[in-house]
file final36.cif (mmCIF, C-alpha atoms)
data_start
loop_
_atom_site.label_atom_id
_atom_site.label_comp_id
_atom_site.auth_asym_id
_atom_site.auth_seq_id
_atom_site.Cartn_x
_atom_site.Cartn_y
_atom_site.Cartn_z
CA MET A 1 14.80 -6.42 -26.29
CA GLU A 2 15.77 -3.24 -28.09
CA LYS A 3 17.07 -0.62 -25.69
CA PRO A 4 16.80 3.15 -26.27
CA THR A 5 19.96 5.10 -26.99
CA GLU A 6 20.68 8.81 -26.99
CA GLU A 7 20.51 8.81 -30.78
CA ARG A 8 17.50 6.47 -31.03
CA PRO A 9 15.52 7.08 -27.81
CA TRP A 10 12.50 4.94 -28.68
CA LEU A 11 11.70 1.47 -27.40
CA GLY A 12 8.95 -1.09 -27.87
CA ILE A 13 5.84 -1.22 -25.69
CA ARG A 14 6.42 -4.80 -24.52
CA GLN A 15 8.22 -3.81 -21.32
CA GLY A 16 5.38 -1.50 -20.31
CA TYR A 17 2.86 -4.33 -20.51
CA ILE A 18 5.16 -6.67 -18.59
CA GLU A 19 5.60 -4.15 -15.75
CA ALA A 20 1.89 -3.25 -15.68
CA LEU A 21 0.83 -6.89 -15.44
CA ALA A 22 3.43 -7.55 -12.74
CA GLU A 23 2.10 -4.66 -10.61
CA ILE A 24 -1.57 -5.65 -11.09
CA ASP A 25 -0.68 -9.22 -10.11
CA GLY A 26 1.21 -7.92 -7.08
CA TYR A 27 -1.76 -5.82 -5.91
CA ARG A 28 -4.31 -8.61 -6.39
CA LYS A 29 -2.12 -11.05 -4.45
CA GLY A 30 -1.42 -8.57 -1.67
CA ILE A 31 2.29 -8.46 -2.40
CA LEU A 32 2.13 -4.76 -3.40
CA SER A 33 0.11 -2.01 -1.74
CA SER A 34 -0.22 1.74 -1.72
CA PHE A 35 0.88 3.89 1.22
CA LYS A 36 -1.98 4.24 3.71
CA THR A 37 -2.65 7.67 5.24
CA PRO A 38 -4.53 8.16 8.55
CA TRP A 39 -7.73 9.13 6.68
CA PRO A 40 -9.98 6.70 4.73
CA LYS A 41 -11.32 9.64 2.69
CA VAL A 42 -7.83 10.45 1.41
CA ASN A 43 -7.04 6.78 0.79
CA ASP A 44 -10.29 6.34 -1.13
CA ALA A 45 -9.51 9.33 -3.34
CA GLY A 46 -6.33 7.57 -4.47
CA LEU A 47 -5.60 3.88 -4.96
CA GLU A 48 -6.55 2.85 -1.42
CA GLY A 49 -3.77 5.16 -0.34
CA LEU A 50 -0.99 7.19 -1.93
CA GLU A 51 0.55 5.51 -4.95
CA TRP A 52 4.29 4.89 -5.03
CA ASN A 53 6.26 6.73 -7.74
CA SER A 54 3.99 9.74 -7.33
CA MET A 55 4.05 13.36 -6.20
CA ILE A 56 1.39 14.94 -3.98
CA VAL A 57 1.06 18.71 -3.68
CA ILE A 58 -0.80 20.14 -0.68
CA GLY A 59 -1.63 23.83 -1.09
CA GLY A 60 -3.30 26.22 1.32
CA ARG A 61 -3.25 29.58 3.03
CA PRO A 62 -1.07 30.09 6.12
CA GLY A 63 -2.73 28.48 9.12
CA ALA A 64 -4.77 26.04 7.02
CA GLY A 65 -3.00 23.03 8.53
CA LYS A 66 -0.70 21.93 5.68
CA THR A 67 2.27 21.09 7.93
CA LEU A 68 -0.08 19.45 10.42
CA ILE A 69 -1.38 17.14 7.66
CA LYS A 70 2.10 16.28 6.42
CA ASN A 71 3.38 15.56 9.93
CA GLN A 72 0.46 13.26 10.69
CA ILE A 73 1.02 11.30 7.47
CA ILE A 74 4.63 10.72 8.52
CA LYS A 75 3.92 10.13 12.22
CA GLU A 76 1.32 7.44 11.58
CA GLY A 77 2.79 6.10 8.34
CA PHE A 78 4.99 3.46 9.97
CA ARG A 79 2.10 2.05 12.02
CA LEU A 80 -0.34 2.03 9.10
CA ASN A 81 2.08 0.47 6.61
CA PRO A 82 3.76 -2.45 8.38
CA GLY A 83 6.12 -4.52 6.31
CA GLN A 84 6.79 -1.85 3.68
CA ASN A 85 10.27 -1.08 5.11
CA ILE A 86 9.84 2.67 4.65
CA ARG A 87 12.32 5.48 5.18
CA VAL A 88 11.57 9.21 5.35
CA LEU A 89 13.65 12.14 4.10
CA GLU A 90 12.27 15.56 5.02
CA PHE A 91 13.35 18.93 3.68
CA GLN A 92 12.11 21.24 6.43
CA PHE A 93 12.96 24.78 5.41
CA GLU A 94 10.21 26.50 7.42
CA MET A 95 10.20 24.83 10.81
CA MET A 96 13.10 23.51 12.88
CA GLN A 97 13.02 19.86 13.90
CA LYS A 98 12.74 20.75 17.59
CA VAL A 99 9.52 22.67 16.87
CA THR A 100 8.11 19.68 15.01
CA ALA A 101 9.00 17.49 18.00
CA LYS A 102 7.22 19.86 20.39
CA ARG A 103 4.13 19.75 18.18
CA GLU A 104 4.15 15.98 18.48
CA PHE A 105 4.47 16.30 22.25
CA THR A 106 1.20 18.27 22.34
CA SER A 107 -0.67 15.23 21.00
CA VAL A 108 1.10 12.92 23.47
CA LEU A 109 -0.04 14.94 26.50
CA GLY A 110 -3.18 16.56 25.10
CA LYS A 111 -1.75 19.94 26.05
CA SER A 112 -1.30 23.04 23.95
CA TYR A 113 2.05 24.20 22.58
CA LYS A 114 1.90 27.09 25.05
CA GLU A 115 1.28 24.78 28.00
CA LEU A 116 4.40 22.78 27.13
CA HIS A 117 6.46 25.86 27.97
CA GLY A 118 4.88 26.58 31.35
CA ARG A 119 6.41 25.84 34.75
CA ALA A 120 5.75 22.40 36.22
CA GLU A 121 2.67 23.42 38.23
CA LYS A 122 1.00 24.93 35.14
CA GLY A 123 2.84 23.17 32.34
CA VAL A 124 4.47 19.75 32.21
CA THR A 125 4.65 17.69 35.41
CA ASP A 126 7.52 15.33 36.21
CA ALA A 127 5.38 12.32 35.29
CA GLU A 128 4.36 13.92 31.99
CA PHE A 129 7.98 14.79 31.20
CA ASP A 130 8.89 11.13 31.68
CA ARG A 131 6.12 10.22 29.20
CA LEU A 132 7.66 12.63 26.67
CA LYS A 133 11.10 11.06 27.12
CA THR A 134 9.64 7.59 26.60
CA TYR A 135 7.80 8.77 23.49
CA ALA A 136 10.98 10.38 22.12
CA ARG A 137 12.99 7.18 22.65
CA ASP A 138 10.35 5.24 20.69
CA GLN A 139 10.22 7.77 17.84
CA VAL A 140 13.96 8.00 17.21
CA LYS A 141 13.90 4.31 16.27
CA PHE A 142 12.11 5.21 13.04
CA PRO A 143 14.34 5.86 9.99
CA ILE A 144 13.58 9.55 9.50
CA ASN A 145 16.19 12.07 8.37
CA VAL A 146 15.79 15.83 8.12
CA VAL A 147 17.49 18.54 6.04
CA GLU A 148 17.00 21.96 7.67
CA LYS A 149 19.45 24.11 5.69
CA LYS A 150 17.91 25.68 2.61
CA GLN A 151 18.90 24.00 -0.64
CA THR A 152 18.67 24.81 -4.34
CA VAL A 153 16.84 22.44 -6.67
CA ALA A 154 20.17 20.95 -7.76
CA GLN A 155 21.24 20.46 -4.13
CA ILE A 156 17.93 18.80 -3.25
CA GLU A 157 18.31 16.40 -6.17
CA ARG A 158 21.89 15.59 -5.18
CA ALA A 159 20.85 14.95 -1.58
CA ILE A 160 17.99 12.65 -2.64
CA ARG A 161 20.19 10.61 -4.96
CA LEU A 162 22.88 10.23 -2.30
CA TYR A 163 20.25 9.26 0.27
CA MET A 164 18.73 6.62 -1.99
CA ASP A 165 22.15 5.16 -2.81
CA ASP A 166 23.28 5.19 0.82
CA HIS A 167 20.30 3.06 1.89
CA ALA A 168 20.08 0.76 -1.14
CA VAL A 169 20.90 -2.94 -0.81
CA MET A 170 22.22 -5.49 -3.29
CA GLU A 171 19.85 -8.42 -3.78
CA ASP A 172 19.82 -11.56 -5.90
CA VAL A 173 17.33 -11.25 -8.76
CA ALA A 174 16.31 -14.03 -11.17
CA ILE A 175 16.13 -12.97 -14.84
CA LYS A 176 15.38 -15.01 -17.97
CA ASP A 177 17.64 -14.60 -20.97
CA PRO A 178 15.31 -13.73 -23.91
CA GLU A 179 17.49 -15.68 -26.36
CA THR A 180 18.47 -18.83 -24.46
CA LYS A 181 15.36 -18.83 -22.20
CA GLU A 182 17.67 -19.77 -19.33
CA THR A 183 17.20 -18.23 -15.91
CA LYS A 184 20.20 -16.77 -14.18
CA ILE A 185 20.76 -14.96 -10.91
CA ILE A 186 22.27 -11.49 -10.95
CA LYS A 187 23.01 -8.90 -8.27
CA LYS A 188 20.75 -5.86 -8.49
CA LYS A 189 20.68 -2.63 -6.49
CA VAL A 190 17.32 -2.37 -4.73
CA TYR A 191 16.22 0.99 -3.34
CA LYS A 192 14.21 1.41 -0.14
CA LYS A 193 10.71 2.85 -0.34
CA THR A 194 11.08 6.45 0.78
CA ILE A 195 8.68 9.27 1.63
CA ILE A 196 10.24 12.61 0.63
CA THR A 197 8.67 15.81 1.95
CA LEU A 198 9.31 19.47 1.17
CA ASP A 199 8.03 22.18 3.48
CA HIS A 200 7.52 24.66 1.61
CA SER A 201 8.17 24.89 -2.13
CA ILE A 202 8.54 28.68 -2.03
CA LEU A 203 11.40 28.37 0.47
CA VAL A 204 13.67 26.45 -1.89
CA GLN A 205 16.88 28.44 -2.41
CA ARG A 206 17.02 30.09 -5.83
CA GLU A 207 20.08 30.06 -8.03
CA LYS A 208 21.62 33.40 -8.96
CA ASN A 209 19.26 35.34 -11.29
CA GLU A 210 16.66 32.57 -11.04
CA SER A 211 13.03 33.71 -10.64
CA PHE A 212 10.57 32.02 -8.28
CA LEU A 213 8.62 30.69 -11.26
CA ASP A 214 11.70 29.27 -12.98
CA MET A 215 12.72 27.63 -9.71
CA LEU A 216 9.28 26.00 -9.35
CA TYR A 217 9.37 24.66 -12.91
CA SER A 218 12.83 23.22 -12.27
CA LEU A 219 11.61 21.74 -8.99
CA GLY A 220 8.66 20.03 -10.68
CA GLU A 221 10.85 18.64 -13.46
CA MET A 222 13.41 17.36 -10.96
CA PHE A 223 10.79 15.63 -8.80
CA THR A 224 9.25 14.02 -11.89
CA ALA A 225 12.65 12.54 -12.79
CA ILE A 226 13.13 11.32 -9.20
CA LYS A 227 9.70 9.67 -8.90
CA ARG A 228 10.26 7.82 -12.20
CA GLU A 229 13.61 6.49 -11.06
CA TYR A 230 13.06 5.58 -7.40
CA PRO A 231 10.27 3.99 -5.28
CA VAL A 232 9.26 7.26 -3.64
CA ILE A 233 6.24 9.32 -2.69
CA ILE A 234 7.00 13.04 -2.77
CA ILE A 235 4.84 15.36 -0.64
CA VAL A 236 5.25 19.06 -1.43
CA LEU A 237 3.62 21.82 0.62
CA SER A 238 2.76 24.93 -1.36
CA GLN A 239 1.41 28.38 -0.65
CA LEU A 240 -1.45 29.90 -2.64
CA GLY A 241 -1.32 33.01 -4.82
CA ARG A 242 -2.42 36.38 -3.47
CA GLN A 243 -5.66 36.29 -5.47
CA VAL A 244 -7.18 34.03 -2.80
CA GLU A 245 -7.26 37.06 -0.49
CA ASN A 246 -9.51 39.07 -2.82
CA PRO A 247 -12.74 40.14 -1.02
CA ASP A 248 -14.97 38.33 -3.54
CA ARG A 249 -13.41 35.01 -2.50
CA ALA A 250 -15.01 35.42 0.95
CA GLU A 251 -18.56 36.09 -0.29
CA GLU A 252 -20.70 33.42 1.33
CA GLY A 253 -22.36 30.81 -0.83
CA SER A 254 -20.06 31.48 -3.77
CA TYR A 255 -18.05 29.16 -6.02
CA ALA A 256 -15.20 31.61 -5.34
CA ASN A 257 -14.98 30.13 -1.82
CA TYR A 258 -13.36 27.05 -3.32
CA ILE A 259 -9.65 26.64 -3.92
CA LEU A 260 -9.04 26.38 -7.66
CA GLU A 261 -6.22 24.92 -9.73
CA SER A 262 -5.05 28.43 -10.63
CA ASP A 263 -4.72 29.35 -6.93
CA LEU A 264 -1.53 27.33 -6.42
CA PHE A 265 1.48 29.63 -6.20
CA GLY A 266 3.20 29.46 -9.56
CA GLY A 267 0.11 28.05 -11.31
CA ASP A 268 0.89 24.92 -13.26
CA ALA A 269 4.62 24.91 -12.46
CA LEU A 270 3.98 22.15 -9.90
CA TYR A 271 0.42 21.22 -10.88
CA GLN A 272 1.37 19.61 -14.18
CA HIS A 273 3.98 17.39 -12.50
CA ALA A 274 1.75 16.31 -9.58
CA ASP A 275 -0.24 13.09 -9.43
CA MET A 276 -2.48 14.40 -6.67
CA VAL A 277 -3.17 18.03 -5.74
CA ILE A 278 -5.08 18.86 -2.55
CA GLY A 279 -6.16 22.41 -1.78
CA VAL A 280 -6.76 22.83 1.95
CA ASN A 281 -9.33 25.42 2.97
CA ARG A 282 -10.26 26.69 6.42
CA PRO A 283 -13.44 28.71 5.75
CA ALA A 284 -13.68 30.24 9.23
CA LYS A 285 -10.37 32.05 8.61
CA ARG A 286 -12.32 34.18 6.11
CA PHE A 287 -15.45 34.29 8.32
CA ILE A 288 -17.39 32.14 5.84
CA LYS A 289 -20.38 30.49 7.52
CA PHE A 290 -22.07 29.16 4.37
CA PHE A 291 -19.44 27.60 2.19
CA GLY A 292 -19.62 27.33 -1.60
CA PRO A 293 -22.72 27.26 -3.83
CA GLU A 294 -23.99 24.25 -1.82
CA LYS A 295 -23.90 26.54 1.25
CA PHE A 296 -22.37 24.00 3.60
CA ILE A 297 -22.87 25.18 7.18
CA ILE A 298 -19.52 25.99 8.81
CA ASP A 299 -20.16 26.30 12.54
CA ASP A 300 -16.66 25.54 13.78
CA ASP A 301 -13.38 27.37 13.14
CA THR A 302 -11.52 24.05 13.05
CA VAL A 303 -13.32 22.76 9.93
CA LEU A 304 -10.98 22.01 7.03
CA VAL A 305 -12.07 21.39 3.46
CA PHE A 306 -9.88 19.20 1.24
CA HIS A 307 -10.36 20.04 -2.42
CA PHE A 308 -8.94 17.14 -4.44
CA LEU A 309 -8.14 19.27 -7.49
CA LYS A 310 -6.24 16.58 -9.35
CA VAL A 311 -6.14 12.84 -8.84
CA ARG A 312 -4.35 11.27 -11.77
CA ASN A 313 -5.39 7.70 -10.97
CA GLY A 314 -8.37 8.29 -8.68
CA ASP A 315 -11.45 10.42 -8.19
CA PRO A 316 -11.46 14.22 -7.66
CA ARG A 317 -13.77 15.23 -4.84
CA MET A 318 -14.27 17.49 -1.82
CA SER A 319 -14.10 16.15 1.75
CA PHE A 320 -14.42 17.67 5.21
CA PHE A 321 -12.10 17.32 8.20
CA LYS A 322 -11.42 18.96 11.56
CA ALA A 323 -8.11 20.25 12.81
CA GLN A 324 -7.56 19.54 16.49
CA PHE A 325 -4.84 22.12 16.93
CA LYS A 326 -4.39 21.50 20.65
CA THR A 327 -3.32 17.92 20.03
CA MET A 328 -1.94 18.61 16.52
CA GLU A 329 -4.17 16.10 14.74
CA VAL A 330 -6.56 16.15 11.79
CA VAL A 331 -9.65 13.94 11.98
CA GLU A 332 -12.39 13.14 9.49
CA MET A 333 -15.90 14.54 9.93
CA GLN A 334 -19.23 14.06 8.23
CA THR A 335 -20.19 16.39 5.40
CA PRO A 336 -21.89 19.41 7.03
CA GLY A 337 -25.54 20.18 6.49
CA ARG A 338 -26.61 22.84 4.03
CA LYS A 339 -28.44 26.12 4.51
CA THR A 340 -31.97 25.81 3.16
#
call {"tool": "encode", "arguments": {"input": "final36.cif", "output": "structure tokens"}}
result
Amino acid sequence: MEKPTEERPWLGIRQGYIEALAEIDGYRKGILSSFKTPWPKVNDAGLEGLEWNSMIVIGGRPGAGKTLIKNQIIKEGFRLNPGQNIRVLEFQFEMMQKVTAKREFTSVLGKSYKELHGRAEKGVTDAEFDRLKTYARDQVKFPINVVEKKQTVAQIERAIRLYMDDHAVMEDVAIKDPETKETKIIKKKVYKKTIITLDHSILVQREKNESFLDMLYSLGEMFTAIKREYPVIIIVLSQLGRQVENPDRAEEGSYANYILESDLFGGDALYQHADMVIGVNRPAKRFIKFFGPEKFIIDDDTVLVFHFLKVRNGDPRMSFFKAQFKTMEVVEMQTPGRKT
């Protein structure tokens, strides 16, 4: 088979068909599967889950629940995807790991973040503290690593490549010689399936004289190269542009209530590289009781709206959820009724 070179970068289409057929056969036989999230609505929007070798961007205003969503995907990912031998590498530039752990503890005890910090009689009892220690011992068994120090795009790429190499294994692989038709066994480096998260894109360290927009374009290009090379799912949390705070965006019953593609901070810098883009809206934060032109009735300040703005291999849609902030969980809900 002709291989591309720097001078002649083209190649035939045969390999693409071979790989596509192999993946389809793997899915139909149950050998391959997507990465299941805790929510059937999100899984159904994709390929029964998040597809490997893809990048997902989750954008929203502060307080919309972006980090909550990302944490729940990770927290429940090992239980929902048994046998996939997954690792997790998180770039947490906004929140320290101890804060993330405390947020998890709220769901363990069903107590608020504030209650965790109270004295025993009003906060955490001795028995509850023992439950937290047991939970922590169980969680540290999962292969999750965290980078807290801010990194540039180049440093993030270097860290990912080192991480993937450090956890790769050499396996025997059978290949058929195209000329002799003989099968031989060779050693091949096999990378572990890895979930990579970035919280938040705007907090990536910029190089000297590098603008935010240039950094975001570089970030998108780097992640595209990474997802093509390794078996990864990249989850990037993004802020929205300031235009979402314009008064007309809060006019009830308006299309302007929706999060749009252009609302992502940096526009298409990340959008064009993403395989799935979810805009997370919390209408009650803007005192919207009748949401969008359909005038969905928002009677609860915990209602979240997921706008699936881009689904490369699935179906764009809008779905409704609730954020249970006391226990740090997001749950699905039925589509609200409409104002008549």
call {"tool": "residues_around", "arguments": {"input": "final36.cif", "residues": "Met55 in chain A", "least_positions_apart": "4", "cutoff": "9 Å", "atoms": "all atoms listed in the file", "output": "list in words"}}
result
Glu51, Phe223, Thr224, Lys227, Val232, Ile233, Ile234, Ile235, Val236, His273, Ala274, Asp275, Met276 and Val277 of chain A
call {"tool": "atom_distance", "arguments": {"input": "final36.cif", "atom1": "CA of Ile18 in chain A", "atom2": "CA of Tyr230 in chain A"}}
result
18.4 Å
call {"tool": "resolve_selection", "arguments": {"input": "final36.cif", "expression": "the PyMOL selection byres ((chain A and resi 257) around 9)", "output": "PyMOL selection string"}}
result
chain A and resi 244+248-256+258-259+281+283+288+291-293
call {"tool": "residues_around", "arguments": {"input": "final36.cif", "residues": "range 322-333 of chain A", "least_positions_apart": "3", "cutoff": "9 Å", "atoms": "only C-alpha atoms", "output": "PyMOL selection string"}}
result
chain A and resi 38-41+64-65+68-69+71-72+103-113+300-305+319+336
call {"tool": "resolve_selection", "arguments": {"input": "final36.cif", "expression": "the PyMOL selection byres ((chain A and resi 205) around 9)", "output": "list of chain:residue names"}}
result
A:Lys150, A:Gln151, A:Thr152, A:Val153, A:Ile202, A:Leu203, A:Val204, A:Arg206, A:Glu207, A:Met215
call {"tool": "resolve_selection", "arguments": {"input": "final36.cif", "expression": "the PyMOL selection byres ((chain A and resi 312) around 9)", "output": "list of chain:residue names"}}
result
A:Gly46, A:Ala274, A:Asp275, A:Met276, A:Lys310, A:Val311, A:Asn313, A:Gly314, A:Asp315, A:Pro316
call {"tool": "closest_residue", "arguments": {"input": "final36.cif", "among": "A:Thr5, A:Thr67, A:Ser262, A:Ser211", "to": "Gln92 in chain A", "atoms": "all atoms listed in the file"}}
result
A:Thr67
call {"tool": "closest_residue", "arguments": {"input": "final36.cif", "among": "A:Arg282, A:Arg119, A:Lys114, A:Lys188", "to": "Glu171 in chain A", "atoms": "only C-alpha atoms"}}
result
A:Lys188
call {"tool": "atom_distance", "arguments": {"input": "final36.cif", "atom1": "CA of Glu76 in chain A", "atom2": "CA of Met318 in chain A"}}
result
22.9 Å
call {"tool": "atom_distance", "arguments": {"input": "final36.cif", "atom1": "CA of Glu94 in chain A", "atom2": "CA of Glu210 in chain A"}}
result
20.5 Å
call {"tool": "closest_residue", "arguments": {"input": "final36.cif", "among": "A:Asn85, A:Lys285, A:Asp172, A:Asp25", "to": "Lys184 in chain A", "atoms": "all atoms listed in the file"}}
result
A:Asp172
call {"tool": "closest_residue", "arguments": {"input": "final36.cif", "among": "A:Ile160, A:Val57, A:Val124, A:Met170", "to": "Leu264 in chain A", "atoms": "all atoms listed in the file"}}
result
A:Val57
call {"tool": "axis_aligned_box", "arguments": {"input": "final36.cif", "around": "range 158-162 of chain A", "padding_each_side": "6 Å", "output": "JSON"}}
result
{"center_x": 20.4, "center_y": 12.9, "center_z": -3.4, "size_x": 16.9, "size_y": 17.4, "size_z": 15.6}
call {"tool": "closest_residue", "arguments": {"input": "final36.cif", "among": "A:Ala269, A:Ile298, A:Ile226, A:Leu216", "to": "Arg161 in chain A", "atoms": "all atoms listed in the file"}}
result
A:Ile226
call {"tool": "closest_residue", "arguments": {"input": "final36.cif", "among": "A:Gln97, A:Lys189, A:Ile156, A:Arg28", "to": "Val169 in chain A", "atoms": "only C-alpha atoms"}}
result
A:Lys189
call {"tool": "residues_around", "arguments": {"input": "final36.cif", "residues": "Ile74 in chain A", "least_positions_apart": "5", "cutoff": "12 Å", "atoms": "only C-alpha atoms", "output": "ChimeraX atom specification"}}
result
/A:35-38,67-69,79-81,86-90,100,104,139,142-145,194-197,233-235
call {"tool": "decode", "arguments": {"input": "final36.cif", "residues": "range 3-23 of chain A", "atoms": "N, CA and C atoms", "output": "mmCIF file, in the first residue's frame"}}
result
data_model
loop_
_atom_site.group_PDB
_atom_site.id
_atom_site.type_symbol
_atom_site.label_atom_id
_atom_site.label_comp_id
_atom_site.auth_asym_id
_atom_site.auth_seq_id
_atom_site.Cartn_x
_atom_site.Cartn_y
_atom_site.Cartn_z
ATOM 1 N N LYS A 3 2.252 4.700 0.795
ATOM 2 C CA LYS A 3 2.191 5.511 2.002
ATOM 3 C C LYS A 3 2.505 6.962 1.670
ATOM 4 N N PRO A 4 1.813 7.916 2.326
ATOM 5 C CA PRO A 4 2.087 9.330 2.053
ATOM 6 C C PRO A 4 3.463 9.735 2.557
ATOM 7 N N THR A 5 4.074 10.666 1.861
ATOM 8 C CA THR A 5 5.350 11.232 2.273
ATOM 9 C C THR A 5 5.174 12.732 2.383
ATOM 10 N N GLU A 6 6.193 13.393 2.925
ATOM 11 C CA GLU A 6 6.109 14.849 3.042
ATOM 12 C C GLU A 6 5.993 15.493 1.668
ATOM 13 N N GLU A 7 6.687 14.921 0.697
ATOM 14 C CA GLU A 7 6.657 15.492 -0.656
ATOM 15 C C GLU A 7 5.377 15.103 -1.400
ATOM 16 N N ARG A 8 4.924 13.861 -1.210
ATOM 17 C CA ARG A 8 3.707 13.369 -1.851
ATOM 18 C C ARG A 8 2.752 12.903 -0.750
ATOM 19 N N PRO A 9 1.953 13.822 -0.185
ATOM 20 C CA PRO A 9 1.166 13.515 1.013
ATOM 21 C C PRO A 9 -0.108 12.720 0.769
ATOM 22 N N TRP A 10 -0.414 12.390 -0.493
ATOM 23 C CA TRP A 10 -1.663 11.694 -0.760
ATOM 24 C C TRP A 10 -1.527 10.180 -0.550
ATOM 25 N N LEU A 11 -2.686 9.545 -0.382
ATOM 26 C CA LEU A 11 -2.733 8.098 -0.270
ATOM 27 C C LEU A 11 -4.051 7.624 -0.849
ATOM 28 N N GLY A 12 -4.153 6.344 -1.128
ATOM 29 C CA GLY A 12 -5.382 5.784 -1.667
ATOM 30 C C GLY A 12 -6.464 5.693 -0.609
ATOM 31 N N ILE A 13 -7.700 5.437 -1.077
ATOM 32 C CA ILE A 13 -8.844 5.422 -0.154
ATOM 33 C C ILE A 13 -9.091 4.036 0.445
ATOM 34 N N ARG A 14 -8.310 3.053 0.021
ATOM 35 C CA ARG A 14 -8.537 1.676 0.466
ATOM 36 C C ARG A 14 -8.504 1.546 1.983
ATOM 37 N N GLN A 15 -7.507 2.170 2.619
ATOM 38 C CA GLN A 15 -7.358 2.036 4.061
ATOM 39 C C GLN A 15 -8.557 2.593 4.804
ATOM 40 N N GLY A 16 -9.127 3.683 4.286
ATOM 41 C CA GLY A 16 -10.308 4.264 4.921
ATOM 42 C C GLY A 16 -11.476 3.300 4.945
ATOM 43 N N TYR A 17 -11.698 2.599 3.829
ATOM 44 C CA TYR A 17 -12.779 1.624 3.779
ATOM 45 C C TYR A 17 -12.514 0.449 4.716
ATOM 46 N N ILE A 18 -11.270 0.013 4.775
ATOM 47 C CA ILE A 18 -10.913 -1.101 5.656
ATOM 48 C C ILE A 18 -11.212 -0.745 7.111
ATOM 49 N N GLU A 19 -10.782 0.459 7.530
ATOM 50 C CA GLU A 19 -10.986 0.876 8.919
ATOM 51 C C GLU A 19 -12.461 1.102 9.224
ATOM 52 N N ALA A 20 -13.199 1.681 8.254
ATOM 53 C CA ALA A 20 -14.631 1.925 8.467
ATOM 54 C C ALA A 20 -15.383 0.614 8.635
ATOM 55 N N LEU A 21 -15.100 -0.363 7.775
ATOM 56 C CA LEU A 21 -15.759 -1.659 7.870
ATOM 57 C C LEU A 21 -15.412 -2.361 9.182
ATOM 58 N N ALA A 22 -14.154 -2.244 9.600
ATOM 59 C CA ALA A 22 -13.731 -2.876 10.847
ATOM 60 C C ALA A 22 -14.490 -2.284 12.037
ATOM 61 N N GLU A 23 -14.680 -0.964 12.050
ATOM 62 C CA GLU A 23 -15.395 -0.333 13.163
ATOM 63 C C GLU A 23 -16.873 -0.701 13.148
#
